Amino acid sequence: MTGSLFKGNFWSTDILSTIGYDSIIQHLNNGRKNCKEFEDFLKERASIEEKYGKDLLNLSRKKPCGQSEINTLKRALEVFKQQVDNVAQCHIQLAQTLREEARKMEEFREKQKLQRKKTETIMDAAHKQRNAQFKKAMDAKKNYEQKCRDKDEAEQAVHRSANVANQRQQEKLFVKLATSKTAVEDSDKAYVLHINMLEKVREDWQSEHIKACEVFEAQECERINFFRNALWLHLNQLSQQCVANDEMYEQVRKSLETCSIEKDIQYFVNQRKTGQTPPAPIMYENFYSPQRNAAPPEKTTGPNPARRGPLPVPKRIPDDPDYSVVEDYSLLYQ
């Protein structure tokens with residue numbers, strides 16, 4: 001700060017005016033209100049961060065996300081959910097940090113309020129004393145001026161009665177004139193006294209006004225600096241939150257880089273394969289084929305002596321009387 005600006009720019013030519021002082025007080029009140037608004041902003045942001053963190057935590061822990069995946073992609077998803085959980089915890093922690101910053105802002109406001117209260121009390125007393133003494137001085141002036149007018153009228157009455165009034169009346173006029181002169185002298189002394197007292201009060205008030213301006217300007221400089229630093233810190237905290245989140249998401253990206261499509265496919269094949277031989281082709285079978293009605297051979301793992309083989313097909317022997325063929329029979333009697 002190059003110098004005190006308040007003390008040289010908030011005066012008024014009217015001795016009873018407090019327009020400069022009131023302007024400063026209004027500005028300080030607005031500054032205090034602005035700090036309160038930022039404090040409330042931090043509290044509201046903290047509530048939002050906390051709610052978001054808790055919602056994200058519930059999402060991470062309760063909502064399925066690729067739960068049937070296998071091998072490398074499964075491991076990447078596990079890292080993903082863990083890092084989402086970590087991000088949620090970071091947001092909850094940020095909410096606590098923001099509430100702490102809001103508390104600091106509140107303490108700063110209250111500290112400045114107490115400091116201002118002392119100066120404002122002194123200034124209120126100075127204003128009351130100045131106004132009271134000004135009234136006394138103006139009343140003394142009014143009385144002095146009235147006494148002067150009374151003396152002037154008494155002098156004029158004496159001059160007018162110089163040739164017409166009797167001795168007794170002239171004596172009364174001279175007594176009245178003398179009395180008015182004494183009253184003028186007394187009122188003049190009282191007027192001068194009150195003016196001197198007003199000047200002393202005015203000097204005291206101006207001195208207190210200058211001190212108040214210096215105190216208030218110092219407070220305003222402190223408030224602006226504190227507010228600016230608080231906002232700067234808030235932005236740093238938000239940036240750190242983004243950096244921390246990105247570092248956690250980077251862990252997920254690194255896990256995804258190790259994900260292998262070939263390995264996951266091979267892993268599935270090794271775990272779930274059912275065989276390497278496909279079914280044989282289905283062949284055409286003629287209904288009248290001799291082999292069609294033959295009982296299909298059953299699969300055995302070895303010889304079974306208790307089971308007989310198929311009967312032999314008899315062969316036609318023309319000269320054998322024990323065998324006959326279909327041609328030898330006829331259904332028609334001749």
# chains A, B, ... in the order shown; residues from 1 in each chain; ligands from 1

call {"tool": "residues_around", "arguments": {"residues": "Cys35 (chain A)", "least_positions_apart": "2", "cutoff": "10 Å", "atoms": "only C-alpha atoms", "output": "list in words"}}
result
Asn29, Asn30, Gly31, Arg32, Lys33, Glu37, Phe38, Glu39, Asp40, Phe41, Ala102, Met105, Glu106, Phe108, Arg109, Arg223, Ile224, Phe226, Phe227 and Ala230 of chain A

call {"tool": "residues_around", "arguments": {"residues": "Ile122 (chain A)", "least_positions_apart": "5", "cutoff": "10 Å", "atoms": "only C-alpha atoms", "output": "list in words"}}
result
Lys117, His127, Trp205, Glu208, His209 and Ala212 of chain A

call {"tool": "write_last_selection", "arguments": {"atoms": "all heavy atoms", "output": "compact mmCIF listing (two decimals), in the first residue's frame"}}
result
# COMPACT_ATOMS: atom_id res chain seq x y z
N LYS A 117 -15.67 -2.75 16.15
CA LYS A 117 -16.59 -2.30 17.21
C LYS A 117 -15.92 -1.28 18.12
O LYS A 117 -16.55 -0.28 18.51
CB LYS A 117 -17.07 -3.52 18.02
CG LYS A 117 -18.17 -3.19 19.01
CD LYS A 117 -19.44 -2.75 18.28
CE LYS A 117 -20.57 -2.51 19.27
NZ LYS A 117 -21.79 -2.00 18.60
N HIS A 127 -18.83 11.75 17.62
CA HIS A 127 -19.90 12.40 16.87
C HIS A 127 -20.93 13.03 17.81
O HIS A 127 -21.38 14.17 17.59
CB HIS A 127 -20.59 11.39 15.94
CG HIS A 127 -19.75 10.98 14.78
ND1 HIS A 127 -19.89 9.76 14.16
CD2 HIS A 127 -18.75 11.62 14.13
CE1 HIS A 127 -19.03 9.67 13.17
NE2 HIS A 127 -18.32 10.79 13.13
N TRP A 205 -12.39 15.34 17.33
CA TRP A 205 -13.18 14.50 16.40
C TRP A 205 -12.41 14.24 15.11
O TRP A 205 -12.38 13.10 14.61
CB TRP A 205 -14.50 15.19 16.09
CG TRP A 205 -15.13 14.65 14.84
CD1 TRP A 205 -15.69 13.42 14.66
CD2 TRP A 205 -15.23 15.32 13.58
NE1 TRP A 205 -16.12 13.28 13.38
CE2 TRP A 205 -15.85 14.43 12.69
CE3 TRP A 205 -14.85 16.60 13.14
CZ2 TRP A 205 -16.11 14.77 11.36
CZ3 TRP A 205 -15.10 16.92 11.81
CH2 TRP A 205 -15.73 16.03 10.94
N GLU A 208 -9.79 11.65 15.77
CA GLU A 208 -10.37 10.31 15.85
C GLU A 208 -10.83 9.82 14.47
O GLU A 208 -10.72 8.64 14.15
CB GLU A 208 -11.55 10.31 16.82
CG GLU A 208 -11.16 10.56 18.27
CD GLU A 208 -10.22 9.49 18.81
OE1 GLU A 208 -10.23 8.35 18.28
OE2 GLU A 208 -9.47 9.79 19.75
N HIS A 209 -11.32 10.76 13.67
CA HIS A 209 -11.75 10.40 12.31
C HIS A 209 -10.57 9.90 11.49
O HIS A 209 -10.66 8.90 10.77
CB HIS A 209 -12.39 11.62 11.63
CG HIS A 209 -12.85 11.34 10.23
ND1 HIS A 209 -14.05 10.73 9.94
CD2 HIS A 209 -12.25 11.59 9.03
CE1 HIS A 209 -14.19 10.62 8.64
NE2 HIS A 209 -13.11 11.14 8.05
N ALA A 212 -9.62 6.52 12.77
CA ALA A 212 -10.60 5.52 12.31
C ALA A 212 -10.38 5.19 10.84
O ALA A 212 -10.45 4.02 10.44
CB ALA A 212 -12.02 6.05 12.54

call {"tool": "residues_around", "arguments": {"residues": "Arg61 (chain A)", "least_positions_apart": "6", "cutoff": "9 Å", "atoms": "only C-alpha atoms", "output": "ChimeraX atom specification"}}
result
/A:81-82,85

call {"tool": "write_last_selection", "arguments": {"atoms": "N, CA and C atoms", "output": "short mmCIF file (atom, residue, chain, number, x, y, z; two decimals), in the first residue's frame"}}
result
data_model
loop_
_atom_site.label_atom_id
_atom_site.label_comp_id
_atom_site.auth_asym_id
_atom_site.auth_seq_id
_atom_site.Cartn_x
_atom_site.Cartn_y
_atom_site.Cartn_z
N LYS A 81 -12.59 -50.12 -10.10
CA LYS A 81 -13.53 -49.92 -9.00
C LYS A 81 -12.80 -49.44 -7.74
N GLN A 82 -11.61 -49.93 -7.53
CA GLN A 82 -10.84 -49.49 -6.36
C GLN A 82 -10.48 -48.02 -6.48
N ASP A 85 -13.40 -45.85 -5.87
CA ASP A 85 -13.58 -45.77 -4.42
C ASP A 85 -12.63 -44.73 -3.82
#

call {"tool": "atom_distance", "arguments": {"atom1": "CA of Glu247 (chain A)", "atom2": "CA of Lys263 (chain A)"}}
result
27.0 Å

call {"tool": "residues_around", "arguments": {"residues": "Glu257 (chain A)", "least_positions_apart": "3", "cutoff": "12 Å", "atoms": "only C-alpha atoms", "output": "PyMOL selection string"}}
result
chain A and resi 72-73+75-76+250-254+260-261

call {"tool": "atom_distance", "arguments": {"atom1": "CA of Asp55 (chain A)", "atom2": "CA of Ala95 (chain A)"}}
result
13.6 Å

call {"tool": "closest_residue", "arguments": {"among": "A:Ile48, A:Ala126, A:Val79, A:Ile15", "to": "Thr258 (chain A)", "atoms": "only C-alpha atoms"}}
result
A:Val79

call {"tool": "atom_distance", "arguments": {"atom1": "CA of Cys242 (chain A)", "atom2": "CA of Leu94 (chain A)"}}
result
11.1 Å

call {"tool": "closest_residue", "arguments": {"among": "A:Trp232, A:Tyr191, A:Tyr288, A:Phe6", "to": "Ile25 (chain A)", "atoms": "only C-alpha atoms"}}
result
A:Phe6

call {"tool": "residues_around", "arguments": {"residues": "Thr179 (chain A)", "least_positions_apart": "3", "cutoff": "12 Å", "atoms": "only C-alpha atoms", "output": "number ranges by chain"}}
result
A: 147-148, 150-152, 154-155, 172-176, 182-186

call {"tool": "write_last_selection", "arguments": {"atoms": "N, CA and C atoms", "output": "mmCIF file, in the first residue's frame"}}
result
data_model
loop_
_atom_site.group_PDB
_atom_site.id
_atom_site.type_symbol
_atom_site.label_atom_id
_atom_site.label_comp_id
_atom_site.auth_asym_id
_atom_site.auth_seq_id
_atom_site.Cartn_x
_atom_site.Cartn_y
_atom_site.Cartn_z
ATOM 1 N N LYS A 147 -28.649 39.512 22.415
ATOM 2 C CA LYS A 147 -28.220 40.522 23.380
ATOM 3 C C LYS A 147 -27.670 41.756 22.658
ATOM 4 N N CYS A 148 -26.992 41.535 21.567
ATOM 5 C CA CYS A 148 -26.479 42.673 20.789
ATOM 6 C C CYS A 148 -27.635 43.488 20.225
ATOM 7 N N ASP A 150 -30.602 43.677 21.525
ATOM 8 C CA ASP A 150 -31.215 44.354 22.670
ATOM 9 C C ASP A 150 -30.412 45.613 23.048
ATOM 10 N N LYS A 151 -29.076 45.535 23.035
ATOM 11 C CA LYS A 151 -28.242 46.691 23.350
ATOM 12 C C LYS A 151 -28.434 47.802 22.326
ATOM 13 N N ASP A 152 -28.494 47.392 21.059
ATOM 14 C CA ASP A 152 -28.698 48.389 20.007
ATOM 15 C C ASP A 152 -30.035 49.104 20.180
ATOM 16 N N ALA A 154 -31.615 49.502 22.977
ATOM 17 C CA ALA A 154 -31.508 50.361 24.168
ATOM 18 C C ALA A 154 -30.789 51.668 23.840
ATOM 19 N N GLU A 155 -29.741 51.591 23.038
ATOM 20 C CA GLU A 155 -29.024 52.789 22.635
ATOM 21 C C GLU A 155 -29.903 53.720 21.795
ATOM 22 N N LYS A 172 -34.049 55.426 33.610
ATOM 23 C CA LYS A 172 -34.456 54.028 33.344
ATOM 24 C C LYS A 172 -33.846 53.527 32.045
ATOM 25 N N LEU A 173 -33.827 54.371 31.010
ATOM 26 C CA LEU A 173 -33.256 53.963 29.728
ATOM 27 C C LEU A 173 -31.753 53.736 29.844
ATOM 28 N N PHE A 174 -31.091 54.586 30.632
ATOM 29 C CA PHE A 174 -29.646 54.397 30.816
ATOM 30 C C PHE A 174 -29.356 53.093 31.596
ATOM 31 N N VAL A 175 -30.214 52.813 32.570
ATOM 32 C CA VAL A 175 -30.037 51.557 33.328
ATOM 33 C C VAL A 175 -30.222 50.352 32.399
ATOM 34 N N LYS A 176 -31.251 50.429 31.566
ATOM 35 C CA LYS A 176 -31.521 49.337 30.623
ATOM 36 C C LYS A 176 -30.362 49.178 29.646
ATOM 37 N N THR A 182 -23.926 44.900 29.644
ATOM 38 C CA THR A 182 -23.379 43.815 30.484
ATOM 39 C C THR A 182 -23.783 42.455 29.930
ATOM 40 N N ALA A 183 -25.050 42.364 29.512
ATOM 41 C CA ALA A 183 -25.540 41.099 28.943
ATOM 42 C C ALA A 183 -24.782 40.733 27.673
ATOM 43 N N VAL A 184 -24.481 41.779 26.862
ATOM 44 C CA VAL A 184 -23.712 41.522 25.645
ATOM 45 C C VAL A 184 -22.333 41.005 25.997
ATOM 46 N N GLU A 185 -21.710 41.623 26.959
ATOM 47 C CA GLU A 185 -20.371 41.183 27.359
ATOM 48 C C GLU A 185 -20.399 39.741 27.880
ATOM 49 N N ASP A 186 -21.396 39.449 28.702
ATOM 50 C CA ASP A 186 -21.489 38.089 29.249
ATOM 51 C C ASP A 186 -21.782 37.071 28.146
#

call {"tool": "residues_around", "arguments": {"residues": "Gln241 (chain A)", "least_positions_apart": "4", "cutoff": "9 Å", "atoms": "only C-alpha atoms", "output": "count of residues only"}}
result
8

call {"tool": "residues_around", "arguments": {"residues": "Ser47 (chain A)", "least_positions_apart": "5", "cutoff": "9 Å", "atoms": "only C-alpha atoms", "output": "list in words"}}
result
Leu42, Tyr52, Ala95 and Arg99 of chain A
